[in-house]
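> One file: input00.tsv (TSV, C-alpha atoms).
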chain	number	residue	atom	x	y	z
A	1	MET	CA	64.14	92.91	-30.00
A	2	THR	CA	66.19	92.92	-26.82
A	3	GLY	CA	65.88	91.78	-23.23
A	4	ASP	CA	62.45	90.81	-21.98
A	5	GLN	CA	60.92	91.61	-25.39
A	6	GLN	CA	62.20	88.36	-26.82
A	7	TYR	CA	61.91	86.05	-23.81
A	8	TRP	CA	59.15	84.07	-25.56
A	9	THR	CA	61.37	83.11	-28.52
A	10	SER	CA	63.13	79.75	-28.55
A	11	ARG	CA	66.62	81.18	-29.09
A	12	PRO	CA	67.11	84.75	-27.84
A	13	GLU	CA	69.42	86.77	-30.07
A	14	VAL	CA	70.63	89.04	-27.29
A	15	GLY	CA	74.08	88.18	-25.96
A	16	SER	CA	74.48	86.28	-22.71
A	17	ARG	CA	74.92	88.36	-19.53
A	18	PRO	CA	74.77	85.93	-16.59
A	19	ASP	CA	73.46	87.24	-13.29
A	20	GLN	CA	71.94	86.03	-10.02
A	21	VAL	CA	68.77	86.92	-8.15
A	22	ASP	CA	67.63	85.99	-4.66
A	23	LEU	CA	64.10	84.74	-4.08
A	24	LEU	CA	63.19	85.32	-0.43
A	25	LEU	CA	59.80	84.09	0.77
A	26	PRO	CA	58.56	83.38	4.31
A	27	ASP	CA	59.04	79.63	3.82
A	28	LEU	CA	62.03	79.42	1.48
A	29	GLU	CA	65.16	81.09	0.14
A	30	LEU	CA	66.67	80.46	-3.28
A	31	THR	CA	69.56	81.95	-5.21
A	32	LEU	CA	68.79	81.59	-8.91
A	33	GLU	CA	71.07	81.96	-11.91
A	34	THR	CA	69.63	84.24	-14.60
A	35	ASP	CA	70.67	85.71	-17.93
A	36	SER	CA	69.65	88.24	-20.53
A	37	GLY	CA	67.01	87.14	-23.01
A	38	VAL	CA	64.84	85.51	-20.34
A	39	PHE	CA	61.83	86.92	-18.54
A	40	SER	CA	62.73	89.30	-15.69
A	41	GLY	CA	66.37	88.27	-15.76
A	42	THR	CA	67.58	91.04	-13.45
A	43	ARG	CA	65.02	90.69	-10.65
A	44	ILE	CA	62.18	88.53	-9.39
A	45	ASP	CA	59.14	89.82	-11.22
A	46	ARG	CA	56.59	91.50	-8.91
A	47	GLY	CA	53.75	89.44	-10.33
A	48	THR	CA	55.65	86.20	-9.81
A	49	ARG	CA	56.43	87.16	-6.21
A	50	PHE	CA	52.75	88.04	-5.62
A	51	LEU	CA	51.69	84.65	-7.02
A	52	LEU	CA	54.15	82.82	-4.77
A	53	MET	CA	53.26	84.88	-1.70
A	54	GLU	CA	49.46	84.92	-1.92
A	55	GLY	CA	48.52	82.35	-4.54
A	56	ALA	CA	47.39	78.83	-3.75
A	57	GLN	CA	49.80	76.34	-2.23
A	58	PRO	CA	50.16	72.85	-3.76
A	59	ALA	CA	47.46	70.56	-2.41
A	60	GLU	CA	48.42	67.56	-0.31
A	61	GLY	CA	48.54	64.47	-2.49
A	62	ALA	CA	49.03	66.34	-5.76
A	63	THR	CA	51.28	64.32	-8.06
A	64	GLU	CA	51.57	66.42	-11.23
A	65	LEU	CA	52.09	70.18	-11.15
A	66	LEU	CA	52.88	72.55	-14.02
A	67	ASP	CA	54.78	75.83	-14.17
A	68	LEU	CA	53.69	77.19	-17.55
A	69	GLY	CA	56.28	79.63	-18.91
A	70	CYS	CA	58.83	78.69	-16.28
A	71	GLY	CA	61.62	81.08	-17.26
A	72	TYR	CA	64.68	80.43	-15.09
A	73	GLY	CA	62.53	78.62	-12.55
A	74	PRO	CA	61.39	80.70	-9.54
A	75	ILE	CA	57.89	79.20	-9.58
A	76	ALA	CA	58.95	75.64	-10.49
A	77	CYS	CA	61.65	75.52	-7.83
A	78	SER	CA	59.31	76.97	-5.20
A	79	LEU	CA	56.64	74.41	-6.02
A	80	ALA	CA	59.19	71.60	-5.86
A	81	LEU	CA	60.32	72.71	-2.41
A	82	ARG	CA	56.78	73.16	-1.14
A	83	SER	CA	55.55	69.86	-2.56
A	84	PRO	CA	58.47	67.39	-2.56
A	85	GLY	CA	56.15	64.48	-3.31
A	86	SER	CA	54.96	66.05	-6.55
A	87	ARG	CA	56.50	66.03	-10.00
A	88	VAL	CA	56.82	69.63	-11.19
A	89	TRP	CA	56.84	70.14	-14.94
A	90	ALA	CA	58.65	73.33	-15.97
A	91	VAL	CA	57.63	74.24	-19.52
A	92	ASP	CA	58.92	77.05	-21.72
A	93	VAL	CA	59.84	77.69	-25.37
A	94	ASN	CA	62.99	79.63	-24.46
A	95	GLU	CA	65.99	77.28	-24.57
A	96	ARG	CA	68.16	79.61	-22.49
A	97	ALA	CA	65.49	79.79	-19.81
A	98	LEU	CA	65.06	76.02	-19.79
A	99	ALA	CA	68.79	75.48	-19.30
A	100	LEU	CA	68.80	77.93	-16.40
A	101	CYS	CA	65.72	76.33	-14.81
A	102	SER	CA	67.34	72.91	-15.03
A	103	SER	CA	70.58	74.22	-13.52
A	104	ASN	CA	68.77	76.08	-10.73
A	105	ALA	CA	66.73	73.02	-9.81
A	106	ALA	CA	69.88	70.88	-9.72
A	107	SER	CA	71.74	73.44	-7.60
A	108	ALA	CA	68.88	73.42	-5.09
A	109	GLY	CA	68.87	69.61	-4.99
A	110	LEU	CA	65.40	69.40	-6.52
A	111	ASP	CA	65.15	66.13	-8.40
A	112	ASN	CA	61.36	66.44	-8.79
A	113	VAL	CA	61.56	69.20	-11.44
A	114	VAL	CA	61.21	68.06	-15.05
A	115	VAL	CA	62.16	70.71	-17.62
A	116	SER	CA	60.56	70.46	-21.05
A	117	THR	CA	59.66	72.32	-24.20
A	118	PRO	CA	55.94	72.23	-25.08
A	119	ASP	CA	56.62	69.86	-27.99
A	120	ASP	CA	58.50	67.39	-25.78
A	121	MET	CA	55.80	67.25	-23.12
A	122	PRO	CA	54.20	63.75	-22.97
A	123	ASP	CA	50.64	63.82	-24.28
A	124	ASP	CA	49.23	61.61	-21.52
A	125	VAL	CA	50.18	63.81	-18.55
A	126	THR	CA	47.41	65.79	-16.86
A	127	PHE	CA	47.95	68.24	-14.04
A	128	ASN	CA	46.44	68.58	-10.58
A	129	ALA	CA	47.31	72.27	-10.72
A	130	ILE	CA	48.98	74.84	-12.97
A	131	TRP	CA	50.81	78.02	-11.94
A	132	SER	CA	51.65	80.70	-14.49
A	133	ASN	CA	52.67	84.29	-14.98
A	134	PRO	CA	51.54	84.05	-18.61
A	135	PRO	CA	53.18	85.96	-21.48
A	136	ILE	CA	50.43	88.51	-22.03
A	137	ARG	CA	52.50	90.48	-24.56
A	138	ILE	CA	52.44	87.68	-27.15
A	139	GLY	CA	49.01	88.99	-28.14
A	140	LYS	CA	45.44	88.05	-27.30
A	141	ALA	CA	44.97	85.35	-29.95
A	142	ALA	CA	48.25	83.60	-29.12
A	143	LEU	CA	47.58	83.89	-25.39
A	144	HIS	CA	44.11	82.40	-25.72
A	145	ASP	CA	45.51	79.53	-27.76
A	146	LEU	CA	48.26	78.92	-25.20
A	147	LEU	CA	45.91	78.90	-22.25
A	148	SER	CA	43.30	76.77	-24.01
A	149	THR	CA	45.93	74.14	-24.81
A	150	TRP	CA	47.22	73.80	-21.26
A	151	LEU	CA	44.06	74.42	-19.25
A	152	ASP	CA	42.44	71.52	-21.07
A	153	ARG	CA	45.14	69.32	-19.51
A	154	LEU	CA	43.93	69.99	-15.98
A	155	ALA	CA	42.80	66.81	-14.27
A	156	PRO	CA	39.17	66.72	-13.05
A	157	GLY	CA	38.95	68.99	-10.03
A	158	GLY	CA	42.23	70.71	-10.92
A	159	THR	CA	42.83	74.44	-10.81
A	160	ALA	CA	45.13	76.89	-12.56
A	161	HIS	CA	46.56	79.85	-10.69
A	162	LEU	CA	47.44	82.86	-12.86
A	163	VAL	CA	48.85	86.30	-12.12
A	164	VAL	CA	48.03	89.03	-14.63
A	165	GLN	CA	48.53	92.79	-14.58
A	166	ARG	CA	45.26	94.70	-14.45
A	167	HIS	CA	46.27	97.19	-17.12
A	168	LEU	CA	47.23	94.34	-19.45
A	169	GLY	CA	43.72	92.93	-19.46
A	170	SER	CA	43.34	90.72	-16.40
A	171	ASP	CA	39.62	91.40	-16.05
A	172	SER	CA	38.81	90.81	-19.72
A	173	LEU	CA	40.89	87.62	-19.61
A	174	ALA	CA	38.91	86.41	-16.60
A	175	ARG	CA	35.66	87.03	-18.47
A	176	TRP	CA	36.94	85.18	-21.54
A	177	LEU	CA	38.04	82.20	-19.45
A	178	THR	CA	34.64	81.96	-17.78
A	179	ASP	CA	32.82	82.34	-21.11
A	180	GLU	CA	34.92	79.47	-22.49
A	181	GLY	CA	33.90	77.17	-19.65
A	182	TRP	CA	36.70	77.64	-17.12
A	183	ASP	CA	35.03	79.06	-14.03
A	184	THR	CA	37.37	81.87	-12.95
A	185	HIS	CA	37.53	83.78	-9.67
A	186	ARG	CA	39.76	86.59	-8.46
A	187	ARG	CA	41.68	85.40	-5.41
A	188	ALA	CA	43.47	88.65	-4.64
A	189	SER	CA	44.46	92.02	-6.09
A	190	ARG	CA	47.44	94.19	-5.22
A	191	LYS	CA	49.40	97.01	-6.85
A	192	GLY	CA	47.92	96.47	-10.29
A	193	PHE	CA	48.08	92.65	-10.29
A	194	ARG	CA	45.25	90.14	-10.15
A	195	LEU	CA	45.50	86.56	-8.95
A	196	LEU	CA	43.04	84.36	-10.84
A	197	ASP	CA	41.97	80.84	-9.88
A	198	VAL	CA	40.72	78.93	-12.92
A	199	ALA	CA	38.78	75.69	-12.42
A	200	ALA	CA	39.11	72.76	-14.80
A	201	ARG	CA	36.47	72.80	-17.50
A	202	HIS	CA	33.80	70.14	-17.12
A	203	VAL	CA	33.93	67.57	-19.90
A	204	SER	CA	30.79	65.54	-20.49
A	205	GLU	CA	30.79	61.89	-21.48
A	206	THR	CA	29.55	62.99	-24.91
A	207	ASP	CA	32.54	65.30	-25.28
A	208	ARG	CA	34.83	62.43	-24.31
A	209	GLY	CA	33.37	60.36	-27.15
A	210	GLN	CA	31.64	57.96	-24.77
A	211	PRO	CA	28.21	56.49	-25.55
Rewrite the structure of this file - the entire thing - as structure tokens.

Amino acid sequence: MTGDQQYWTSRPEVGSRPDQVDLLLPDLELTLETDSGVFSGTRIDRGTRFLLMEGAQPAEGATELLDLGCGYGPIACSLALRSPGSRVWAVDVNERALALCSSNAASAGLDNVVVSTPDDMPDDVTFNAIWSNPPIRIGKAALHDLLSTWLDRLAPGGTAHLVVQRHLGSDSLARWLTDEGWDTHRRASRKGFRLLDVAARHVSETDRGQP
């Protein structure tokens, strides 16, 4: 495995090749440090850019936001700039990516980004919103498990915002999400990518273990 093929492992075996990419959006500009062995380390991924350009903006008053699969931090840093009053959790399994995300947030003066592995994430935190360019290539079963774990941590009324390539199963994923209780709608579609808005699943008092 080399390059992007191993970005979802905790310790990429490919040698380090530091680089920089520029993220230019209508409302912000960031120069981000990257490296080999992380997702889209030589450019801003087209899906990520689409999500940041046309996906939902952080809601006013949101306190806890999540970038699931943060990589070197383009989404997390953008959210932190757009919502300075929020705490932005940047979660990934890739240690090299996490180090880059932390460094990029610090370089941009963003003290509201909290970088974490999934295992180190506090159990009691729920999220007003989640943004993710999820790792589709880990396989359907692993992807469903990943999304189930984190979508169930949406606060009541929260929404997840996902970008998925059409030819990698965006439409079937949307159907699965809805069938599992997360009402899912397509926000936009462009050049083979879908933006999906996924509403928090309703949990009844019986499900919560209440009388």
> Given only C-alpha atoms as the basis, pick out the residue of A:Arg96, A:Gly157, A:Asn133, A:Thr117 nearest to Ala62 of chain A.
A:Gly157
> (53.0, 88.4, -25.1) in this file's frame - what residues fall within 12 Å of it? Use all atoms listed in the file and give the answer as a list of chain:residue names.
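Looking at atoms near the point gives A:Asp4, A:Gln5, A:Gln6, A:Tyr7, A:Trp8, A:Thr9, A:Phe39, A:Gly69, A:Asn133, A:Pro134, A:Pro135, A:Ile136, A:Arg137, A:Ile138, A:Gly139, A:Lys140, A:Ala141, A:Ala142, A:Leu143, A:His144, A:Asp145, A:Leu146, A:Val164, A:Leu168, A:Gly169.
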> Smallest atom-to-atom distance to Ser78 of chain A: which of A:Ala199, A:Leu66, A:Leu52, A:Leu147, using only C-alpha atoms?
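When distances to Ser78 of chain A are compared using only C-alpha atoms, the smallest one comes from A:Leu52.
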> Give as a list in words each residue that has an atom at most 10 Å from (44.3, 71.0, -22.6) in the file, counting only C-alpha atoms.
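Residues lying no farther than 10 Å from the given point: Asp123, Thr126, Phe127, Leu146, Leu147, Ser148, Thr149, Trp150, Leu151, Asp152, Arg153, Leu154, Ala155, Ala200 and Arg201 of chain A.
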> Take the selection from the previous step and output its residues with C-alpha atoms, as an mmCIF file, in the coordinates of the input.

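The resulting part_12.cif:
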data_model
loop_
_atom_site.group_PDB
_atom_site.id
_atom_site.type_symbol
_atom_site.label_atom_id
_atom_site.label_comp_id
_atom_site.auth_asym_id
_atom_site.auth_seq_id
_atom_site.Cartn_x
_atom_site.Cartn_y
_atom_site.Cartn_z
ATOM 1 C CA ASP A 123 50.640 63.820 -24.280
ATOM 2 C CA THR A 126 47.410 65.790 -16.860
ATOM 3 C CA PHE A 127 47.950 68.240 -14.040
ATOM 4 C CA LEU A 146 48.260 78.920 -25.200
ATOM 5 C CA LEU A 147 45.910 78.900 -22.250
ATOM 6 C CA SER A 148 43.300 76.770 -24.010
ATOM 7 C CA THR A 149 45.930 74.140 -24.810
ATOM 8 C CA TRP A 150 47.220 73.800 -21.260
ATOM 9 C CA LEU A 151 44.060 74.420 -19.250
ATOM 10 C CA ASP A 152 42.440 71.520 -21.070
ATOM 11 C CA ARG A 153 45.140 69.320 -19.510
ATOM 12 C CA LEU A 154 43.930 69.990 -15.980
ATOM 13 C CA ALA A 155 42.800 66.810 -14.270
ATOM 14 C CA ALA A 200 39.110 72.760 -14.800
ATOM 15 C CA ARG A 201 36.470 72.800 -17.500
#
> For Arg46 of chain A, find every residue with an atom within 10 Å (counting only C-alpha atoms), except residues of its own chain fewer than 2 positions away, and show them as a ChimeraX atom specification.
/A:40,43-44,48-52,163,165,191,193
> Return the single residue from A:Pro84, A:Gly192, A:Gly37, A:Gly55 that is closest to Val14 of chain A, with distances computed using all atoms listed in the file.
A:Gly37
> Can you measure atom CA of Asn104 of chain A to atom CA of Glu60 of chain A for me? One decimal in Å is fine.
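Value for the atom CA of Asn104 of chain A-atom CA of Glu60 of chain A distance: 24.4 Å.
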> In terms of the shortest atom-to-atom distance over all atoms listed in the file, which of A:Ser116, A:Trp131, A:Gly47, A:Arg187 is closest to Ala76 of chain A?
A:Trp131
> Show me that you can extract segment 18-48 of chain A, keeping N, CA and C atoms, and write it as a JSON list (two decimals), in the first residue's frame.

[["chain", "number", "residue", "atom", "x", "y", "z"],
["A", 18, "PRO", "N", 6.98, 15.89, 2.92],
["A", 18, "PRO", "CA", 6.20, 17.09, 3.27],
["A", 18, "PRO", "C", 5.89, 17.96, 2.05],
["A", 19, "ASP", "N", 4.75, 18.60, 2.10],
["A", 19, "ASP", "CA", 4.30, 19.46, 1.00],
["A", 19, "ASP", "C", 3.37, 20.52, 1.59],
["A", 20, "GLN", "N", 2.90, 21.40, 0.75],
["A", 20, "GLN", "CA", 1.91, 22.41, 1.15],
["A", 20, "GLN", "C", 0.83, 22.48, 0.09],
["A", 21, "VAL", "N", -0.40, 22.79, 0.53],
["A", 21, "VAL", "CA", -1.48, 23.07, -0.40],
["A", 21, "VAL", "C", -2.19, 24.34, 0.07],
["A", 22, "ASP", "N", -2.77, 25.05, -0.88],
["A", 22, "ASP", "CA", -3.53, 26.26, -0.56],
["A", 22, "ASP", "C", -5.02, 25.96, -0.70],
["A", 23, "LEU", "N", -5.76, 26.30, 0.33],
["A", 23, "LEU", "CA", -7.22, 26.20, 0.31],
["A", 23, "LEU", "C", -7.77, 27.60, 0.14],
["A", 24, "LEU", "N", -8.36, 27.87, -1.02],
["A", 24, "LEU", "CA", -8.90, 29.19, -1.34],
["A", 24, "LEU", "C", -10.40, 29.07, -1.52],
["A", 25, "LEU", "N", -11.15, 29.71, -0.62],
["A", 25, "LEU", "CA", -12.60, 29.73, -0.67],
["A", 25, "LEU", "C", -13.06, 31.18, -0.66],
["A", 26, "PRO", "N", -14.29, 31.48, -1.03],
["A", 26, "PRO", "CA", -14.73, 32.87, -1.07],
["A", 26, "PRO", "C", -14.55, 33.61, 0.25],
["A", 27, "ASP", "N", -14.64, 32.88, 1.38],
["A", 27, "ASP", "CA", -14.59, 33.56, 2.68],
["A", 27, "ASP", "C", -13.32, 33.30, 3.47],
["A", 28, "LEU", "N", -12.38, 32.52, 2.92],
["A", 28, "LEU", "CA", -11.17, 32.24, 3.69],
["A", 28, "LEU", "C", -10.05, 31.74, 2.79],
["A", 29, "GLU", "N", -8.83, 31.89, 3.29],
["A", 29, "GLU", "CA", -7.64, 31.37, 2.62],
["A", 29, "GLU", "C", -6.76, 30.71, 3.67],
["A", 30, "LEU", "N", -6.31, 29.49, 3.37],
["A", 30, "LEU", "CA", -5.43, 28.77, 4.28],
["A", 30, "LEU", "C", -4.31, 28.11, 3.50],
["A", 31, "THR", "N", -3.11, 28.15, 4.04],
["A", 31, "THR", "CA", -2.02, 27.34, 3.55],
["A", 31, "THR", "C", -1.81, 26.20, 4.54],
["A", 32, "LEU", "N", -1.91, 24.97, 4.06],
["A", 32, "LEU", "CA", -1.91, 23.80, 4.93],
["A", 32, "LEU", "C", -0.71, 22.92, 4.63],
["A", 33, "GLU", "N", -0.03, 22.49, 5.69],
["A", 33, "GLU", "CA", 1.05, 21.53, 5.54],
["A", 33, "GLU", "C", 0.45, 20.14, 5.31],
["A", 34, "THR", "N", 1.04, 19.39, 4.37],
["A", 34, "THR", "CA", 0.58, 18.04, 4.07],
["A", 34, "THR", "C", 1.77, 17.09, 4.06],
["A", 35, "ASP", "N", 1.48, 15.84, 3.74],
["A", 35, "ASP", "CA", 2.55, 14.84, 3.68],
["A", 35, "ASP", "C", 2.02, 13.64, 2.91],
["A", 36, "SER", "N", 2.92, 12.74, 2.55],
["A", 36, "SER", "CA", 2.49, 11.48, 1.97],
["A", 36, "SER", "C", 1.84, 10.63, 3.06],
["A", 37, "GLY", "N", 1.05, 9.66, 2.65],
["A", 37, "GLY", "CA", 0.41, 8.78, 3.62],
["A", 37, "GLY", "C", -0.82, 9.35, 4.28],
["A", 38, "VAL", "N", -1.27, 10.54, 3.83],
["A", 38, "VAL", "CA", -2.51, 11.12, 4.31],
["A", 38, "VAL", "C", -3.43, 11.34, 3.12],
["A", 39, "PHE", "N", -4.71, 11.49, 3.39],
["A", 39, "PHE", "CA", -5.68, 11.62, 2.30],
["A", 39, "PHE", "C", -5.45, 12.89, 1.50],
["A", 40, "SER", "N", -5.34, 12.73, 0.17],
["A", 40, "SER", "CA", -5.21, 13.86, -0.75],
["A", 40, "SER", "C", -4.10, 14.81, -0.33],
["A", 41, "GLY", "N", -2.92, 14.25, -0.11],
["A", 41, "GLY", "CA", -1.81, 15.03, 0.42],
["A", 41, "GLY", "C", -1.16, 15.97, -0.57],
["A", 42, "THR", "N", -1.50, 15.88, -1.85],
["A", 42, "THR", "CA", -0.87, 16.75, -2.85],
["A", 42, "THR", "C", -1.82, 17.82, -3.38],
["A", 43, "ARG", "N", -3.07, 17.81, -2.94],
["A", 43, "ARG", "CA", -4.05, 18.76, -3.44],
["A", 43, "ARG", "C", -5.26, 18.75, -2.51],
["A", 44, "ILE", "N", -6.06, 19.78, -2.56],
["A", 44, "ILE", "CA", -7.34, 19.76, -1.87],
["A", 44, "ILE", "C", -8.28, 18.87, -2.67],
["A", 45, "ASP", "N", -8.79, 17.84, -2.03],
["A", 45, "ASP", "CA", -9.69, 16.91, -2.71],
["A", 45, "ASP", "C", -10.91, 17.64, -3.26],
["A", 46, "ARG", "N", -11.36, 17.25, -4.46],
["A", 46, "ARG", "CA", -12.50, 17.93, -5.09],
["A", 46, "ARG", "C", -13.77, 17.79, -4.27],
["A", 47, "GLY", "N", -13.97, 16.62, -3.67],
["A", 47, "GLY", "CA", -15.14, 16.42, -2.84],
["A", 47, "GLY", "C", -15.12, 17.30, -1.61],
["A", 48, "THR", "N", -13.96, 17.41, -0.98],
["A", 48, "THR", "CA", -13.81, 18.28, 0.19],
["A", 48, "THR", "C", -14.10, 19.73, -0.18]]
